[in-house]
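Novice: Provided herewith: structure29.pdb, PDB, C-alpha atoms, pLDDT in the B column.
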```pdb
ATOM      1  CA  MET A 155      18.176   2.648  44.378  1.00 55.00           C
ATOM      2  CA  ASN A 156      15.814   0.730  42.119  1.00 71.00           C
ATOM      3  CA  ASP A 157      16.035  -3.065  42.115  1.00 91.00           C
ATOM      4  CA  PHE A 158      15.769  -4.836  38.782  1.00 92.00           C
ATOM      5  CA  VAL A 159      14.471  -8.384  38.408  1.00 93.00           C
ATOM      6  CA  VAL A 160      14.797 -10.469  35.248  1.00 95.00           C
ATOM      7  CA  VAL A 161      11.525 -12.332  34.832  1.00 94.00           C
ATOM      8  CA  ASP A 162      11.412 -15.758  33.191  1.00 93.00           C
ATOM      9  CA  THR A 163       9.060 -16.577  30.313  1.00 92.00           C
ATOM     10  CA  ASP A 164       6.847 -18.747  32.517  1.00 92.00           C
ATOM     11  CA  VAL A 165       6.413 -15.987  35.085  1.00 93.00           C
ATOM     12  CA  VAL A 166       5.549 -13.445  32.374  1.00 91.00           C
ATOM     13  CA  SER A 167       3.036 -15.928  30.983  1.00 89.00           C
ATOM     14  CA  PHE A 168       1.447 -16.437  34.413  1.00 91.00           C
ATOM     15  CA  MET A 169       1.231 -12.670  34.908  1.00 88.00           C
ATOM     16  CA  PHE A 170      -0.268 -12.144  31.455  1.00 85.00           C
ATOM     17  CA  LYS A 171      -2.902 -14.823  31.979  1.00 85.00           C
ATOM     18  CA  GLY A 172      -3.646 -13.816  35.565  1.00 84.00           C
ATOM     19  CA  GLY A 173      -4.835 -16.457  37.976  1.00 83.00           C
ATOM     20  CA  THR A 174      -3.347 -18.028  41.050  1.00 92.00           C
ATOM     21  CA  ARG A 175       0.051 -18.985  39.625  1.00 92.00           C
ATOM     22  CA  ALA A 176       0.928 -15.310  39.146  1.00 91.00           C
ATOM     23  CA  LEU A 177       0.099 -14.577  42.789  1.00 93.00           C
ATOM     24  CA  ALA A 178       2.938 -16.794  44.002  1.00 93.00           C
ATOM     25  CA  TYR A 179       5.486 -14.431  42.428  1.00 93.00           C
ATOM     26  CA  ARG A 180       3.943 -11.150  43.542  1.00 91.00           C
ATOM     27  CA  PRO A 181       5.931 -10.793  46.818  1.00 92.00           C
ATOM     28  CA  GLN A 182       9.250 -11.139  44.976  1.00 91.00           C
ATOM     29  CA  LEU A 183       8.265  -8.707  42.202  1.00 92.00           C
ATOM     30  CA  GLU A 184       6.430  -5.901  43.993  1.00 92.00           C
ATOM     31  CA  GLY A 185       8.367  -2.659  44.080  1.00 92.00           C
ATOM     32  CA  LYS A 186      10.895  -3.935  41.554  1.00 93.00           C
ATOM     33  CA  THR A 187      11.564  -2.900  37.984  1.00 92.00           C
ATOM     34  CA  LEU A 188      10.797  -5.976  35.896  1.00 91.00           C
ATOM     35  CA  THR A 189      12.780  -6.810  32.807  1.00 92.00           C
ATOM     36  CA  VAL A 190      12.804  -9.726  30.389  1.00 93.00           C
ATOM     37  CA  SER A 191      15.447 -11.157  28.113  1.00 94.00           C
ATOM     38  CA  LEU A 192      15.263 -10.945  24.344  1.00 93.00           C
ATOM     39  CA  MET A 193      14.732 -14.707  24.319  1.00 95.00           C
ATOM     40  CA  THR A 194      11.670 -14.341  26.563  1.00 93.00           C
ATOM     41  CA  VAL A 195      10.214 -11.763  24.181  1.00 92.00           C
ATOM     42  CA  ALA A 196      10.839 -14.110  21.245  1.00 91.00           C
ATOM     43  CA  GLU A 197       9.232 -17.047  23.071  1.00 92.00           C
ATOM     44  CA  LEU A 198       6.154 -14.990  23.951  1.00 88.00           C
ATOM     45  CA  TYR A 199       5.652 -13.821  20.374  1.00 88.00           C
ATOM     46  CA  GLN A 200       6.200 -17.349  19.070  1.00 90.00           C
ATOM     47  CA  TRP A 201       3.568 -18.547  21.543  1.00 86.00           C
ATOM     48  CA  ALA A 202       1.100 -15.976  20.208  1.00 85.00           C
ATOM     49  CA  TYR A 203       1.898 -16.851  16.584  1.00 87.00           C
ATOM     50  CA  VAL A 204       1.647 -20.632  17.018  1.00 89.00           C
ATOM     51  CA  ARG A 205      -1.667 -20.288  18.827  1.00 86.00           C
ATOM     52  CA  ASN A 206      -3.117 -17.981  16.153  1.00 88.00           C
ATOM     53  CA  TRP A 207      -3.968 -15.196  18.567  1.00 84.00           C
ATOM     54  CA  GLY A 208      -5.118 -12.804  15.872  1.00 84.00           C
ATOM     55  CA  GLN A 209      -4.325  -9.104  16.343  1.00 83.00           C
ATOM     56  CA  ARG A 210      -5.846  -7.954  19.623  1.00 86.00           C
ATOM     57  CA  ARG A 211      -4.113 -10.277  22.096  1.00 84.00           C
ATOM     58  CA  PRO A 212      -0.584  -9.782  20.665  1.00 84.00           C
ATOM     59  CA  ALA A 213      -1.175  -6.017  20.852  1.00 87.00           C
ATOM     60  CA  ARG A 214      -2.139  -6.444  24.510  1.00 86.00           C
ATOM     61  CA  LEU A 215       0.990  -8.561  25.074  1.00 85.00           C
ATOM     62  CA  GLU A 216       3.154  -5.874  23.493  1.00 87.00           C
ATOM     63  CA  GLU A 217       1.521  -3.215  25.652  1.00 88.00           C
ATOM     64  CA  ARG A 218       2.207  -5.253  28.799  1.00 84.00           C
ATOM     65  CA  LEU A 219       5.821  -5.858  27.805  1.00 85.00           C
ATOM     66  CA  ARG A 220       6.396  -2.158  27.202  1.00 86.00           C
ATOM     67  CA  SER A 221       4.931  -1.189  30.539  1.00 81.00           C
TER
END
```
Have the structure of the file written as structure tokens, please.
Specialist:
Amino acid sequence: MNDFVVVDTDVVSFMFKGGTRALAYRPQLEGKTLTVSLMTVAELYQWAYVRNWGQRRPARLEERLRS
């Protein structure tokens, strides 16, 4: 059986950015199928839009969300 974990916006952000904050969540997430809510997706895209990410970083975000 595959375990699913709903990941909060902050955790997705930490994972996307890398760094030490993401490491704290690794033990709880390894071996699990990660999923996010529609609201998390909306918040992440709003974050990219407000910060004028351009085209490359949002494409990378979308790729990470799909995987």
Novice: Using all atoms listed in the file, which residues sit within 10 Å of stretch 172-182 of chain A once same-chain residues fewer than 5 positions away are excluded, as a PyMOL selection string?
Specialist: chain A and resi 159+161+164-167
Novice: Quick one: apply the PyMOL selection byres ((chain A and resi 189) around 10) to the file and drop the selected residues here as a compact mmCIF listing (two decimals) with C-alpha atoms, in the coordinates of the input.
Specialist:
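Once everything was written out, this is expr_21.txt:
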```
# COMPACT_ATOMS: atom_id res chain seq x y z
CA PHE A 158 15.77 -4.84 38.78
CA VAL A 159 14.47 -8.38 38.41
CA VAL A 160 14.80 -10.47 35.25
CA VAL A 161 11.52 -12.33 34.83
CA ASP A 162 11.41 -15.76 33.19
CA VAL A 166 5.55 -13.44 32.37
CA LYS A 186 10.90 -3.94 41.55
CA THR A 187 11.56 -2.90 37.98
CA LEU A 188 10.80 -5.98 35.90
CA VAL A 190 12.80 -9.73 30.39
CA SER A 191 15.45 -11.16 28.11
CA LEU A 192 15.26 -10.94 24.34
CA THR A 194 11.67 -14.34 26.56
CA LEU A 219 5.82 -5.86 27.80
CA ARG A 220 6.40 -2.16 27.20
CA SER A 221 4.93 -1.19 30.54
```
Novice: Which of these residues is nearest to A:Arg214, using all atoms listed in the file: A:Asp157, A:Ala202, A:Gly185, A:Phe168?
Specialist: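 Closest candidate: A:Ala202.
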Novice: Between A:Glu216, A:Ala196, A:Asn156, A:Arg210, which has the minimum distance to A:Glu184 (counting all atoms listed in the file)?
Specialist: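 Answer, going by the shortest atom-to-atom distance: A:Asn156.
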Novice: N, CA and C atoms are what I want for stretch 185-221 of chain A; can you complete it accordingly and write them as a JSON list (two decimals), in the coordinates of the input?
Specialist:
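Contents of result22.json, as written:
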```
[["chain", "number", "residue", "atom", "x", "y", "z"],
["A", 185, "GLY", "N", 7.40, -3.71, 43.82],
["A", 185, "GLY", "CA", 8.37, -2.66, 44.08],
["A", 185, "GLY", "C", 9.64, -2.76, 43.27],
["A", 186, "LYS", "N", 9.71, -3.73, 42.38],
["A", 186, "LYS", "CA", 10.90, -3.94, 41.55],
["A", 186, "LYS", "C", 10.62, -3.47, 40.12],
["A", 187, "THR", "N", 11.67, -3.16, 39.41],
["A", 187, "THR", "CA", 11.56, -2.90, 37.98],
["A", 187, "THR", "C", 11.76, -4.23, 37.28],
["A", 188, "LEU", "N", 10.74, -4.67, 36.56],
["A", 188, "LEU", "CA", 10.80, -5.98, 35.90],
["A", 188, "LEU", "C", 11.38, -5.83, 34.51],
["A", 189, "THR", "N", 12.20, -6.78, 34.14],
["A", 189, "THR", "CA", 12.78, -6.81, 32.81],
["A", 189, "THR", "C", 12.76, -8.25, 32.30],
["A", 190, "VAL", "N", 12.78, -8.40, 31.00],
["A", 190, "VAL", "CA", 12.80, -9.73, 30.39],
["A", 190, "VAL", "C", 13.94, -9.78, 29.38],
["A", 191, "SER", "N", 14.40, -10.98, 29.11],
["A", 191, "SER", "CA", 15.45, -11.16, 28.11],
["A", 191, "SER", "C", 14.85, -11.12, 26.71],
["A", 192, "LEU", "N", 15.70, -10.91, 25.73],
["A", 192, "LEU", "CA", 15.26, -10.94, 24.34],
["A", 192, "LEU", "C", 14.68, -12.32, 24.01],
["A", 193, "MET", "N", 15.23, -13.36, 24.58],
["A", 193, "MET", "CA", 14.73, -14.71, 24.32],
["A", 193, "MET", "C", 13.32, -14.87, 24.86],
["A", 194, "THR", "N", 13.02, -14.29, 26.02],
["A", 194, "THR", "CA", 11.67, -14.34, 26.56],
["A", 194, "THR", "C", 10.69, -13.65, 25.63],
["A", 195, "VAL", "N", 11.08, -12.48, 25.12],
["A", 195, "VAL", "CA", 10.21, -11.76, 24.18],
["A", 195, "VAL", "C", 9.94, -12.64, 22.95],
["A", 196, "ALA", "N", 10.99, -13.25, 22.43],
["A", 196, "ALA", "CA", 10.84, -14.11, 21.24],
["A", 196, "ALA", "C", 9.92, -15.29, 21.55],
["A", 197, "GLU", "N", 10.08, -15.92, 22.70],
["A", 197, "GLU", "CA", 9.23, -17.05, 23.07],
["A", 197, "GLU", "C", 7.77, -16.63, 23.21],
["A", 198, "LEU", "N", 7.53, -15.47, 23.78],
["A", 198, "LEU", "CA", 6.15, -14.99, 23.95],
["A", 198, "LEU", "C", 5.50, -14.71, 22.61],
["A", 199, "TYR", "N", 6.23, -14.09, 21.69],
["A", 199, "TYR", "CA", 5.65, -13.82, 20.37],
["A", 199, "TYR", "C", 5.46, -15.10, 19.58],
["A", 200, "GLN", "N", 6.37, -16.06, 19.74],
["A", 200, "GLN", "CA", 6.20, -17.35, 19.07],
["A", 200, "GLN", "C", 4.94, -18.04, 19.60],
["A", 201, "TRP", "N", 4.73, -17.97, 20.89],
["A", 201, "TRP", "CA", 3.57, -18.55, 21.54],
["A", 201, "TRP", "C", 2.29, -17.95, 20.94],
["A", 202, "ALA", "N", 2.27, -16.64, 20.79],
["A", 202, "ALA", "CA", 1.10, -15.98, 20.21],
["A", 202, "ALA", "C", 0.89, -16.39, 18.75],
["A", 203, "TYR", "N", 1.98, -16.49, 18.00],
["A", 203, "TYR", "CA", 1.90, -16.85, 16.58],
["A", 203, "TYR", "C", 1.40, -18.29, 16.41],
["A", 204, "VAL", "N", 1.99, -19.21, 17.14],
["A", 204, "VAL", "CA", 1.65, -20.63, 17.02],
["A", 204, "VAL", "C", 0.19, -20.88, 17.41],
["A", 205, "ARG", "N", -0.30, -20.11, 18.35],
["A", 205, "ARG", "CA", -1.67, -20.29, 18.83],
["A", 205, "ARG", "C", -2.68, -19.40, 18.10],
["A", 206, "ASN", "N", -2.23, -18.79, 17.00],
["A", 206, "ASN", "CA", -3.12, -17.98, 16.15],
["A", 206, "ASN", "C", -3.96, -16.99, 16.96],
["A", 207, "TRP", "N", -3.29, -16.15, 17.70],
["A", 207, "TRP", "CA", -3.97, -15.20, 18.57],
["A", 207, "TRP", "C", -4.74, -14.12, 17.82],
["A", 208, "GLY", "N", -4.48, -13.92, 16.56],
["A", 208, "GLY", "CA", -5.12, -12.80, 15.87],
["A", 208, "GLY", "C", -4.34, -11.52, 16.12],
["A", 209, "GLN", "N", -5.02, -10.38, 16.18],
["A", 209, "GLN", "CA", -4.32, -9.10, 16.34],
["A", 209, "GLN", "C", -4.46, -8.49, 17.73],
["A", 210, "ARG", "N", -5.60, -8.66, 18.36],
["A", 210, "ARG", "CA", -5.85, -7.95, 19.62],
["A", 210, "ARG", "C", -4.98, -8.46, 20.78],
["A", 211, "ARG", "N", -4.89, -9.75, 20.97],
["A", 211, "ARG", "CA", -4.11, -10.28, 22.10],
["A", 211, "ARG", "C", -2.62, -10.01, 21.96],
["A", 212, "PRO", "N", -2.01, -10.15, 20.77],
["A", 212, "PRO", "CA", -0.58, -9.78, 20.66],
["A", 212, "PRO", "C", -0.36, -8.29, 20.94],
["A", 213, "ALA", "N", -1.30, -7.45, 20.56],
["A", 213, "ALA", "CA", -1.18, -6.02, 20.85],
["A", 213, "ALA", "C", -1.21, -5.79, 22.36],
["A", 214, "ARG", "N", -2.08, -6.54, 23.05],
["A", 214, "ARG", "CA", -2.14, -6.44, 24.51],
["A", 214, "ARG", "C", -0.85, -6.95, 25.14],
["A", 215, "LEU", "N", -0.29, -8.03, 24.60],
["A", 215, "LEU", "CA", 0.99, -8.56, 25.07],
["A", 215, "LEU", "C", 2.08, -7.50, 24.91],
["A", 216, "GLU", "N", 2.14, -6.90, 23.73],
["A", 216, "GLU", "CA", 3.15, -5.87, 23.49],
["A", 216, "GLU", "C", 3.00, -4.71, 24.46],
["A", 217, "GLU", "N", 1.77, -4.30, 24.70],
["A", 217, "GLU", "CA", 1.52, -3.22, 25.65],
["A", 217, "GLU", "C", 2.03, -3.57, 27.05],
["A", 218, "ARG", "N", 1.75, -4.80, 27.47],
["A", 218, "ARG", "CA", 2.21, -5.25, 28.80],
["A", 218, "ARG", "C", 3.72, -5.31, 28.87],
["A", 219, "LEU", "N", 4.36, -5.78, 27.81],
["A", 219, "LEU", "CA", 5.82, -5.86, 27.80],
["A", 219, "LEU", "C", 6.45, -4.47, 27.85],
["A", 220, "ARG", "N", 5.86, -3.52, 27.19],
["A", 220, "ARG", "CA", 6.40, -2.16, 27.20],
["A", 220, "ARG", "C", 6.22, -1.46, 28.55],
["A", 221, "SER", "N", 5.17, -1.85, 29.26],
["A", 221, "SER", "CA", 4.93, -1.19, 30.54],
["A", 221, "SER", "C", 5.75, -1.86, 31.64]]
```
